[in-house]
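**Student:** Quick one, entry_12.pdb (PDB, C-alpha atoms):
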```
MODEL        1
ATOM      1  CA  MET A 117     -16.654  -8.110 -18.592
ATOM      2  CA  ARG A 118     -13.408  -8.778 -20.434
ATOM      3  CA  PHE A 119     -10.475  -8.827 -18.007
ATOM      4  CA  THR A 120      -6.890  -8.155 -19.065
ATOM      5  CA  LEU A 121      -4.020  -8.294 -16.587
ATOM      6  CA  PRO A 122      -2.630  -4.784 -16.025
ATOM      7  CA  LEU A 123       1.033  -3.857 -16.243
ATOM      8  CA  ILE A 124       1.564  -4.436 -12.529
ATOM      9  CA  THR A 125       1.770  -8.174 -13.166
ATOM     10  CA  ARG A 126       5.284  -7.662 -14.500
ATOM     11  CA  MET A 127       7.671  -8.908 -11.858
ATOM     12  CA  SER A 128       9.564  -6.263  -9.866
ATOM     13  CA  ALA A 129       7.280  -3.519 -11.195
ATOM     14  CA  TYR A 130       4.390  -3.266  -8.726
ATOM     15  CA  LEU A 131       5.452  -0.377  -6.487
ATOM     16  CA  GLN A 132       7.282   1.504  -9.216
ATOM     17  CA  ASN A 133       4.254   1.203 -11.453
ATOM     18  CA  LEU A 134       1.909   2.282  -8.666
ATOM     19  CA  THR A 135       3.999   5.365  -7.859
ATOM     20  CA  ILE A 136       3.986   6.413 -11.511
ATOM     21  CA  ARG A 137       0.239   5.885 -11.826
ATOM     22  CA  LEU A 138      -0.509   7.888  -8.690
ATOM     23  CA  ALA A 139       1.880  10.664  -9.723
ATOM     24  CA  GLU A 140       0.121  10.899 -13.075
ATOM     25  CA  GLY A 141      -3.237  11.186 -11.340
ATOM     26  CA  VAL A 142      -1.999  13.804  -8.852
ATOM     27  CA  GLY A 143      -0.505  15.738 -11.756
ATOM     28  CA  ARG A 144      -4.021  16.245 -13.116
ATOM     29  CA  LEU A 145      -5.285  17.819  -9.885
ATOM     30  CA  PRO A 146      -5.693  21.595  -9.678
ATOM     31  CA  GLU A 147      -2.456  23.394  -8.785
ATOM     32  CA  GLU A 148      -4.031  24.784  -5.620
ATOM     33  CA  THR A 149      -4.858  21.267  -4.399
ATOM     34  CA  ARG A 150      -1.325  20.051  -5.061
ATOM     35  CA  GLU A 151       0.148  23.062  -3.286
ATOM     36  CA  ILE A 152      -1.823  22.722  -0.053
ATOM     37  CA  HIS A 153      -0.896  19.059   0.266
ATOM     38  CA  THR A 154       2.748  19.742  -0.585
ATOM     39  CA  ARG A 155       2.857  22.333   2.188
ATOM     40  CA  TYR A 156       1.213  19.853   4.563
ATOM     41  CA  PHE A 157       3.789  17.112   3.995
ATOM     42  CA  LEU A 158       6.763  19.484   4.047
ATOM     43  CA  ALA A 159       5.596  21.072   7.304
ATOM     44  CA  ALA A 160       5.317  17.606   8.902
ATOM     45  CA  GLN A 161       9.053  16.896   8.593
ATOM     46  CA  GLN A 162      10.755  16.727  11.995
ATOM     47  CA  PRO A 163      14.130  18.273  12.952
ATOM     48  CA  ASP A 164      15.811  14.849  12.607
ATOM     49  CA  GLY A 165      14.593  14.531   9.006
ATOM     50  CA  GLY A 166      11.924  11.933   9.687
ATOM     51  CA  PHE A 167       8.153  12.185  10.043
ATOM     52  CA  ALA A 168       5.981  11.364  13.029
ATOM     53  CA  GLY A 169       2.580   9.804  13.557
ATOM     54  CA  ARG A 170       0.041  11.312  15.908
ATOM     55  CA  GLU A 171       2.092  10.479  18.970
ATOM     56  CA  GLY A 172       5.813  10.513  19.661
ATOM     57  CA  GLY A 173       8.751  11.428  17.464
ATOM     58  CA  SER A 174       9.883  10.440  13.989
ATOM     59  CA  ASP A 175       9.013   6.922  12.922
ATOM     60  CA  LEU A 176      10.191   4.837   9.953
ATOM     61  CA  TYR A 177       6.645   3.712   9.130
ATOM     62  CA  TYR A 178       5.226   7.244   8.973
ATOM     63  CA  THR A 179       8.314   8.590   7.251
ATOM     64  CA  THR A 180       7.694   6.174   4.390
ATOM     65  CA  PHE A 181       4.119   7.388   3.998
ATOM     66  CA  ALA A 182       5.247  11.015   3.962
ATOM     67  CA  MET A 183       7.821  10.108   1.326
ATOM     68  CA  ARG A 184       5.148   8.405  -0.756
ATOM     69  CA  GLY A 185       3.057  11.562  -0.593
ATOM     70  CA  LEU A 186       5.973  13.832  -1.504
ATOM     71  CA  SER A 187       7.031  11.463  -4.280
ATOM     72  CA  ILE A 188       3.702  11.490  -6.103
ATOM     73  CA  LEU A 189       3.592  15.271  -5.643
ATOM     74  CA  GLY A 190       7.029  15.508  -7.279
ATOM     75  CA  GLU A 191       8.589  17.085  -4.192
ATOM     76  CA  LEU A 192      10.961  14.397  -2.905
ATOM     77  CA  TYR A 193      14.288  16.035  -3.695
ATOM     78  CA  GLY A 194      16.758  18.676  -2.498
ATOM     79  CA  ASP A 195      16.973  19.609   1.168
ATOM     80  CA  VAL A 196      13.974  17.530   2.211
ATOM     81  CA  ALA A 197      15.540  14.411   0.653
ATOM     82  CA  GLU A 198      18.932  15.128   2.231
ATOM     83  CA  ARG A 199      17.342  15.407   5.670
ATOM     84  CA  ILE A 200      15.401  12.176   5.133
ATOM     85  CA  GLU A 201      18.633  10.430   4.158
ATOM     86  CA  GLY A 202      20.122  11.468   7.498
ATOM     87  CA  PHE A 203      17.139   9.946   9.288
ATOM     88  CA  LEU A 204      17.146   6.696   7.319
ATOM     89  CA  LYS A 205      20.813   5.724   7.472
ATOM     90  CA  PRO A 206      20.824   4.864  11.207
ATOM     91  CA  LYS A 207      17.812   2.596  10.576
ATOM     92  CA  LEU A 208      19.870   0.144   8.509
ATOM     93  CA  SER A 209      20.563  -1.952  11.603
ATOM     94  CA  SER A 210      17.359  -1.435  13.595
ATOM     95  CA  HIS A 211      14.569  -3.361  11.819
ATOM     96  CA  GLN A 212      12.830  -6.465  13.174
ATOM     97  CA  THR A 213       9.511  -7.112  11.403
ATOM     98  CA  ILE A 214       8.386  -7.362   7.806
ATOM     99  CA  VAL A 215       6.736  -3.954   8.175
ATOM    100  CA  ASP A 216      10.086  -2.478   9.242
ATOM    101  CA  PHE A 217      11.885  -4.123   6.322
ATOM    102  CA  PHE A 218       9.251  -2.976   3.860
ATOM    103  CA  SER A 219       9.261   0.591   5.179
ATOM    104  CA  LEU A 220      13.043   0.797   5.021
ATOM    105  CA  PHE A 221      13.454  -0.676   1.551
ATOM    106  CA  TYR A 222      10.542   1.239   0.083
ATOM    107  CA  ALA A 223      11.838   4.486   1.584
ATOM    108  CA  ALA A 224      15.308   3.739   0.221
ATOM    109  CA  ASN A 225      13.880   2.986  -3.219
ATOM    110  CA  LEU A 226      11.840   6.210  -3.288
ATOM    111  CA  LEU A 227      14.820   8.255  -2.137
ATOM    112  CA  LYS A 228      17.126   6.775  -4.774
ATOM    113  CA  VAL A 229      14.648   7.141  -7.634
ATOM    114  CA  SER A 230      13.545  10.654  -6.670
ATOM    115  CA  SER A 231      16.840  12.210  -5.591
ATOM    116  CA  GLY A 232      19.639   9.796  -6.516
ATOM    117  CA  ARG A 233      20.580   9.241  -2.853
ATOM    118  CA  ASP A 234      21.476   5.608  -2.105
ATOM    119  CA  ILE A 235      21.575   4.736   1.603
ATOM    120  CA  PHE A 236      22.825   1.222   0.733
ATOM    121  CA  ALA A 237      25.800   2.430  -1.311
ATOM    122  CA  ASP A 238      28.307   1.349   1.358
ATOM    123  CA  ALA A 239      26.475  -1.771   2.531
ATOM    124  CA  ASP A 240      27.767  -5.338   2.242
ATOM    125  CA  PRO A 241      27.045  -6.469  -1.345
ATOM    126  CA  ALA A 242      25.535  -9.658   0.089
ATOM    127  CA  TRP A 243      22.809  -7.847   2.024
ATOM    128  CA  PRO A 244      19.971  -8.613  -0.456
ATOM    129  CA  THR A 245      20.674 -12.334  -0.144
ATOM    130  CA  GLN A 246      20.781 -12.080   3.634
ATOM    131  CA  VAL A 247      17.460 -10.236   3.717
ATOM    132  CA  ALA A 248      15.873 -12.785   1.382
ATOM    133  CA  ARG A 249      17.083 -15.577   3.663
ATOM    134  CA  PHE A 250      15.481 -13.868   6.665
ATOM    135  CA  MET A 251      12.245 -13.401   4.737
ATOM    136  CA  GLU A 252      12.142 -17.107   3.963
ATOM    137  CA  SER A 253      12.657 -17.935   7.647
ATOM    138  CA  LEU A 254       9.204 -16.403   8.186
ATOM    139  CA  ARG A 255       7.545 -18.898   5.825
ATOM    140  CA  ARG A 256       5.102 -21.152   7.614
ATOM    141  CA  GLU A 257       3.730 -24.613   6.830
ATOM    142  CA  ASP A 258       0.583 -23.071   5.353
ATOM    143  CA  GLY A 259       2.712 -21.489   2.599
ATOM    144  CA  GLY A 260       2.318 -17.902   3.776
ATOM    145  CA  TYR A 261       4.589 -15.650   5.790
ATOM    146  CA  ALA A 262       4.242 -14.627   9.421
ATOM    147  CA  LYS A 263       4.728 -11.081  10.692
ATOM    148  CA  ALA A 264       7.719 -12.003  12.866
ATOM    149  CA  PRO A 265       9.765 -15.078  13.868
ATOM    150  CA  GLU A 266       7.413 -15.860  16.753
ATOM    151  CA  GLY A 267       4.372 -16.006  14.449
ATOM    152  CA  HIS A 268       2.762 -19.425  14.040
ATOM    153  CA  ALA A 269       0.737 -18.924  10.855
ATOM    154  CA  GLY A 270       0.854 -17.020   7.607
ATOM    155  CA  SER A 271      -0.812 -13.633   7.198
ATOM    156  CA  THR A 272      -2.333 -12.386   3.941
ATOM    157  CA  TYR A 273      -1.023  -8.861   4.435
ATOM    158  CA  HIS A 274       2.464  -9.846   5.556
ATOM    159  CA  THR A 275       2.758 -12.345   2.712
ATOM    160  CA  PHE A 276       2.041  -9.439   0.372
ATOM    161  CA  LEU A 277       4.738  -7.377   2.109
ATOM    162  CA  VAL A 278       7.289 -10.180   1.706
ATOM    163  CA  ILE A 279       6.567 -10.253  -2.026
ATOM    164  CA  LEU A 280       7.059  -6.492  -2.204
ATOM    165  CA  VAL A 281      10.295  -6.596  -0.194
ATOM    166  CA  LEU A 282      11.713  -9.298  -2.453
ATOM    167  CA  GLN A 283      10.805  -7.231  -5.500
ATOM    168  CA  LEU A 284      12.428  -4.118  -4.037
ATOM    169  CA  ILE A 285      15.701  -5.927  -3.383
ATOM    170  CA  GLU A 286      15.467  -7.749  -6.733
ATOM    171  CA  GLN A 287      15.415 -11.237  -5.277
ATOM    172  CA  PRO A 288      13.342 -14.153  -6.652
ATOM    173  CA  ILE A 289      10.127 -15.179  -4.915
ATOM    174  CA  PRO A 290      10.654 -18.777  -3.684
ATOM    175  CA  GLU A 291       7.994 -21.368  -4.461
ATOM    176  CA  PRO A 292       5.303 -18.947  -5.664
ATOM    177  CA  GLU A 293       2.864 -21.834  -6.094
ATOM    178  CA  ARG A 294       2.842 -22.294  -2.302
ATOM    179  CA  ILE A 295       1.933 -18.624  -1.855
ATOM    180  CA  ILE A 296      -0.886 -18.963  -4.357
ATOM    181  CA  LYS A 297      -2.272 -22.008  -2.509
ATOM    182  CA  PHE A 298      -2.007 -20.110   0.758
ATOM    183  CA  LEU A 299      -3.939 -17.160  -0.654
ATOM    184  CA  GLU A 300      -6.569 -19.408  -2.173
ATOM    185  CA  SER A 301      -7.107 -21.001   1.248
ATOM    186  CA  HIS A 302      -7.914 -17.560   2.698
ATOM    187  CA  ARG A 303     -10.516 -16.699   0.082
ATOM    188  CA  GLN A 304     -14.179 -16.924   1.020
ATOM    189  CA  ASP A 305     -17.172 -17.786  -1.131
ATOM    190  CA  ASP A 306     -18.383 -14.173  -0.965
ATOM    191  CA  GLY A 307     -15.235 -13.006  -2.776
ATOM    192  CA  GLY A 308     -13.374 -11.509   0.186
ATOM    193  CA  TRP A 309     -10.132 -12.662   1.790
ATOM    194  CA  HIS A 310      -9.285 -13.236   5.442
ATOM    195  CA  GLU A 311      -6.168 -11.734   7.014
ATOM    196  CA  ILE A 312      -5.536 -14.945   8.978
ATOM    197  CA  ARG A 313      -7.483 -18.208   8.809
ATOM    198  CA  ALA A 314      -8.893 -17.621  12.292
ATOM    199  CA  SER A 315     -10.490 -14.327  11.213
ATOM    200  CA  LYS A 316     -14.267 -14.285  11.572
ATOM    201  CA  ARG A 317     -14.906 -12.192   8.475
ATOM    202  CA  PRO A 318     -13.048 -11.100   5.329
ATOM    203  CA  GLY A 319     -11.946  -7.502   4.914
ATOM    204  CA  THR A 320     -11.294  -4.896   2.260
ATOM    205  CA  ASN A 321      -7.591  -4.553   3.020
ATOM    206  CA  PRO A 322      -6.625  -8.253   3.089
ATOM    207  CA  THR A 323      -8.674  -8.674  -0.084
ATOM    208  CA  ALA A 324      -6.692  -5.902  -1.750
ATOM    209  CA  ALA A 325      -3.409  -7.452  -0.547
ATOM    210  CA  ALA A 326      -4.406 -10.890  -1.829
ATOM    211  CA  VAL A 327      -5.509  -9.637  -5.235
ATOM    212  CA  ALA A 328      -2.336  -7.574  -5.680
ATOM    213  CA  SER A 329      -0.220 -10.576  -4.696
ATOM    214  CA  MET A 330      -2.005 -12.829  -7.161
ATOM    215  CA  LEU A 331      -1.703 -10.258  -9.926
ATOM    216  CA  ILE A 332       2.035 -10.011  -9.307
ATOM    217  CA  LEU A 333       2.284 -13.813  -9.374
ATOM    218  CA  GLU A 334       0.113 -13.918 -12.502
ATOM    219  CA  ALA A 335      -2.388 -16.153 -10.739
ATOM    220  CA  ILE A 336      -5.619 -14.443 -11.801
ATOM    221  CA  ASP A 337      -7.138 -15.468 -15.111
ATOM    222  CA  GLU A 338     -10.771 -14.544 -15.662
ATOM    223  CA  ALA A 339     -11.047 -16.975 -18.548
ATOM    224  CA  LYS A 340     -10.152 -19.870 -16.240
ATOM    225  CA  ASP A 341     -11.800 -18.607 -13.063
ATOM    226  CA  PRO A 342     -14.418 -15.951 -13.861
ATOM    227  CA  GLU A 343     -16.088 -16.526 -10.500
ATOM    228  CA  LEU A 344     -12.996 -15.327  -8.622
ATOM    229  CA  VAL A 345     -13.021 -11.949 -10.357
ATOM    230  CA  ALA A 346     -16.800 -11.563 -10.256
ATOM    231  CA  THR A 347     -17.186 -12.381  -6.562
ATOM    232  CA  THR A 348     -14.218 -10.197  -5.620
ATOM    233  CA  LEU A 349     -15.811  -7.267  -7.409
ATOM    234  CA  ASP A 350     -19.133  -7.937  -5.693
ATOM    235  CA  PHE A 351     -17.466  -8.101  -2.273
ATOM    236  CA  LEU A 352     -15.596  -4.826  -2.697
ATOM    237  CA  VAL A 353     -18.602  -2.975  -4.093
ATOM    238  CA  GLU A 354     -20.615  -4.098  -1.070
ATOM    239  CA  MET A 355     -17.990  -2.455   1.149
ATOM    240  CA  GLN A 356     -19.051   0.980  -0.148
ATOM    241  CA  THR A 357     -21.171   2.728   2.472
ATOM    242  CA  ASP A 358     -23.809   5.435   2.122
ATOM    243  CA  GLU A 359     -21.003   7.934   2.825
ATOM    244  CA  GLY A 360     -19.396   6.936  -0.471
ATOM    245  CA  GLY A 361     -16.148   5.499   0.855
ATOM    246  CA  LEU A 362     -15.316   1.873   1.563
ATOM    247  CA  ARG A 363     -15.336   0.270   5.017
ATOM    248  CA  ALA A 364     -12.830  -2.215   6.397
ATOM    249  CA  ASN A 365     -15.305  -5.105   6.827
ATOM    250  CA  THR A 366     -19.001  -5.832   7.245
ATOM    251  CA  ARG A 367     -18.889  -5.278  10.991
ATOM    252  CA  ILE A 368     -17.669  -1.694  10.667
ATOM    253  CA  PRO A 369     -20.378   0.729   9.473
ATOM    254  CA  ILE A 370     -18.117   3.726   8.749
ATOM    255  CA  ALA A 371     -15.934   4.249   5.679
ATOM    256  CA  ASP A 372     -12.253   5.182   5.964
ATOM    257  CA  LEU A 373      -9.594   6.414   3.563
ATOM    258  CA  LEU A 374      -7.310   3.374   3.924
ATOM    259  CA  SER A 375     -10.050   0.965   2.831
ATOM    260  CA  SER A 376     -11.264   3.433   0.206
ATOM    261  CA  PHE A 377      -7.775   3.597  -1.297
ATOM    262  CA  THR A 378      -6.931  -0.119  -1.252
ATOM    263  CA  GLY A 379     -10.410  -1.157  -2.370
ATOM    264  CA  GLY A 380     -10.549   1.527  -5.049
ATOM    265  CA  LEU A 381      -7.094   0.605  -6.334
ATOM    266  CA  THR A 382      -8.067  -3.065  -6.539
ATOM    267  CA  LEU A 383     -11.209  -2.260  -8.502
ATOM    268  CA  LEU A 384      -9.198  -0.033 -10.813
ATOM    269  CA  ASP A 385      -6.664  -2.841 -11.339
ATOM    270  CA  LEU A 386      -9.522  -5.210 -12.131
ATOM    271  CA  GLN A 387     -10.899  -2.608 -14.547
ATOM    272  CA  ALA A 388     -14.080  -2.268 -12.534
ATOM    273  CA  PHE A 389     -13.867   1.096 -10.751
ATOM    274  CA  ASP A 390     -17.170   2.053 -12.375
ATOM    275  CA  GLU A 391     -18.857  -0.677 -10.332
ATOM    276  CA  LEU A 392     -18.675   1.815  -7.460
ATOM    277  CA  ASP A 393     -20.870   4.869  -7.104
ATOM    278  CA  VAL A 394     -18.010   7.064  -8.282
ATOM    279  CA  ASP A 395     -19.718  10.381  -7.500
ATOM    280  CA  ALA A 396     -20.358   9.266  -3.915
ATOM    281  CA  TYR A 397     -16.767   8.025  -3.637
ATOM    282  CA  ARG A 398     -15.474  11.404  -4.818
ATOM    283  CA  LYS A 399     -17.714  13.256  -2.380
ATOM    284  CA  PHE A 400     -16.461  11.152   0.522
ATOM    285  CA  VAL A 401     -12.781  11.660  -0.318
ATOM    286  CA  TYR A 402     -13.140  15.421  -0.626
ATOM    287  CA  SER A 403     -15.096  15.542   2.638
ATOM    288  CA  MET A 404     -12.026  14.105   4.370
ATOM    289  CA  GLN A 405      -9.734  16.797   2.925
ATOM    290  CA  ARG A 406      -8.657  19.588   5.270
ATOM    291  CA  ALA A 407      -8.655  23.156   3.956
ATOM    292  CA  GLU A 408      -5.054  23.621   5.129
ATOM    293  CA  GLY A 409      -3.882  20.355   3.536
ATOM    294  CA  GLY A 410      -3.819  16.741   4.632
ATOM    295  CA  PHE A 411      -6.725  14.406   5.312
ATOM    296  CA  GLN A 412      -8.523  12.941   8.289
ATOM    297  CA  ALA A 413      -9.070   9.185   8.295
ATOM    298  CA  ALA A 414     -12.855   8.961   8.606
ATOM    299  CA  ALA A 415     -15.939  10.871   9.690
ATOM    300  CA  TRP A 416     -15.242  10.097  13.350
ATOM    301  CA  ASP A 417     -11.664  11.358  13.097
ATOM    302  CA  THR A 418     -10.862  14.792  14.460
ATOM    303  CA  ALA A 419      -7.114  14.664  13.777
ATOM    304  CA  HIS A 420      -4.838  13.910  10.830
ATOM    305  CA  ASP A 421      -1.476  12.347   9.959
ATOM    306  CA  VAL A 422       0.815  11.732   6.986
ATOM    307  CA  GLU A 423      -0.371   8.130   6.524
ATOM    308  CA  TYR A 424      -4.029   8.955   5.934
ATOM    309  CA  SER A 425      -3.048  12.087   4.055
ATOM    310  CA  PHE A 426      -1.219   9.832   1.595
ATOM    311  CA  TYR A 427      -4.305   7.619   1.306
ATOM    312  CA  GLY A 428      -6.495  10.646   0.678
ATOM    313  CA  LEU A 429      -4.151  11.982  -1.982
ATOM    314  CA  GLY A 430      -3.983   8.481  -3.454
ATOM    315  CA  CYS A 431      -7.781   8.341  -3.670
ATOM    316  CA  LEU A 432      -7.812  11.648  -5.539
ATOM    317  CA  ALA A 433      -5.247  10.175  -7.945
ATOM    318  CA  LEU A 434      -7.428   7.077  -8.498
ATOM    319  CA  LEU A 435     -10.358   9.332  -9.363
ATOM    320  CA  GLU A 436      -8.235  11.260 -11.846
ATOM    321  CA  ASN A 437      -6.892   8.044 -13.394
ATOM    322  CA  HIS A 438     -10.408   6.669 -13.647
TER     323      HIS A 438
ENDMDL
END
```
Show how you would write the structure in this file as structure tokens.
**Tutor:**
Amino acid sequence: MRFTLPLITRMSAYLQNLTIRLAEGVGRLPEETREIHTRYFLAAQQPDGGFAGREGGSDLYYTTFAMRGLSILGELYGDVAERIEGFLKPKLSSHQTIVDFFSLFYAANLLKVSSGRDIFADADPAWPTQVARFMESLRREDGGYAKAPEGHAGSTYHTFLVILVLQLIEQPIPEPERIIKFLESHRQDDGGWHEIRASKRPGTNPTAAAVASMLILEAIDEAKDPELVATTLDFLVEMQTDEGGLRANTRIPIADLLSSFTGGLTLLDLQAFDELDVDAYRKFVYSMQRAEGGFQAAAWDTAHDVEYSFYGLGCLALLENH
């Protein structure tokens, strides 16, 4: 298989590129499908402008996922965007982890691009540098980044989030070669990646995070390392279950939409989506779709939320792009 790096390898373009790609795929869905999911996301907005998970009130993490869903549906503007802005502004001084930083900056980026609202318009001009300095304080001796200051070792997923945060705030990625070495140390012979070195088995989601990170850093070259691409493809394809979706790791027998989205996106980026049983994948994704809009996470799931509804909509977009 000839492998050509996709456009997402361009620095500072990963999330913007992904949003455009997903929006293009969603745009090809039947109008009725787009409408039921638009109604689902809009109805999930809380009185304070944010969005909640399955428990409790509005949450920055879930608000970002709802915004991602509305953005690719072309509905992140007007009153809904104004109300989200009111929810986000107080969050400027209440973030502690990389996940919080990522959620805030990604939400701010989506809001600005989709509606022109800039929650950082009145912030200290030096804030990007300050954030970048905090990010670097989370770097560990292994070359990766920990989830929080108390973390002792790098995490594949949180290293990926640091890269994304730095891109969003248009700051350079320090010593990328150390990140690449860190990621290489987490790769297993079977083609999967561990989340942390102490993990007993590799997983779909850390593998997707590692591959995306290495694509951004332009560290994947099939001509120089064909085994890396080939074994990664083999690992992800083996994560597809009889249901048609992808599972999180070999210990979990049931597919879920998160793993199906991240694994499917990685295969699409590696130009190998056809390595999956695409018809079975499509059947699984549609089986998770609720008639009234939104998606459940997996076959065992009896509820729904905006996070997995974004993943489900994202999977439909991948199928349309494929």
**Student:** To verify the selection step, state as a list in words which residues the PyMOL selection byres ((chain A and resi 366) around 8) yields on this input.
**Tutor:**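 Given this file, the PyMOL selection byres ((chain A and resi 366) around 8) evaluates to Arg317, Gly319, Met355, Arg363, Ala364, Asn365, Arg367, Ile368 and Pro369 of chain A.
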**Student:** Output C-alpha atoms for every residue in that selection, as a PDB file, keeping the file's coordinate frame.
**Tutor:**
```pdb
ATOM      1  CA  ARG A 317     -14.906 -12.192   8.475  1.00  0.00           C
ATOM      2  CA  GLY A 319     -11.946  -7.502   4.914  1.00  0.00           C
ATOM      3  CA  MET A 355     -17.990  -2.455   1.149  1.00  0.00           C
ATOM      4  CA  ARG A 363     -15.336   0.270   5.017  1.00  0.00           C
ATOM      5  CA  ALA A 364     -12.830  -2.215   6.397  1.00  0.00           C
ATOM      6  CA  ASN A 365     -15.305  -5.105   6.827  1.00  0.00           C
ATOM      7  CA  ARG A 367     -18.889  -5.278  10.991  1.00  0.00           C
ATOM      8  CA  ILE A 368     -17.669  -1.694  10.667  1.00  0.00           C
ATOM      9  CA  PRO A 369     -20.378   0.729   9.473  1.00  0.00           C
TER      10      PRO A 369
END
```
**Student:** Which value, in Å to one decimal, gives the distance between CA of Leu138 in chain A and CA of Arg233 in chain A?
**Tutor:**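 A separation of 21.9 Å between them.
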**Student:** Given the file shown, enumerate the residues that the PyMOL selection byres ((chain A and resi 185-195) around 9) captures and present them as an MDAnalysis selection string.
**Tutor:** chainID A and resid 135:143 150:151 153:154 157:158 180:184 196:200 226:227 230:232 422:423 425:427 429:430
**Student:** Pick out the closest residue to Ala262 in chain A from this set: A:Asp306, A:Glu311, A:Arg294, A:Thr348. Count all atoms listed in the file.
**Tutor:** A:Glu311
**Student:** Using the chain letters and residue numbers of this document, give as a short mmCIF file (atom, residue, chain, number, x, y, z; two decimals) with C-alpha atoms, in the coordinates of the input the residues selected by the PyMOL selection byres ((chain A and resi 419) around 12).
**Tutor:**
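Dumped to result36.cif:
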```cif
data_model
loop_
_atom_site.label_atom_id
_atom_site.label_comp_id
_atom_site.auth_asym_id
_atom_site.auth_seq_id
_atom_site.Cartn_x
_atom_site.Cartn_y
_atom_site.Cartn_z
CA GLY A 169 2.58 9.80 13.56
CA ARG A 170 0.04 11.31 15.91
CA GLU A 171 2.09 10.48 18.97
CA MET A 404 -12.03 14.10 4.37
CA GLN A 405 -9.73 16.80 2.92
CA ARG A 406 -8.66 19.59 5.27
CA GLY A 410 -3.82 16.74 4.63
CA PHE A 411 -6.72 14.41 5.31
CA GLN A 412 -8.52 12.94 8.29
CA ALA A 413 -9.07 9.18 8.30
CA ALA A 414 -12.86 8.96 8.61
CA ALA A 415 -15.94 10.87 9.69
CA TRP A 416 -15.24 10.10 13.35
CA ASP A 417 -11.66 11.36 13.10
CA THR A 418 -10.86 14.79 14.46
CA HIS A 420 -4.84 13.91 10.83
CA ASP A 421 -1.48 12.35 9.96
CA VAL A 422 0.82 11.73 6.99
CA GLU A 423 -0.37 8.13 6.52
CA TYR A 424 -4.03 8.96 5.93
CA SER A 425 -3.05 12.09 4.06
#
```
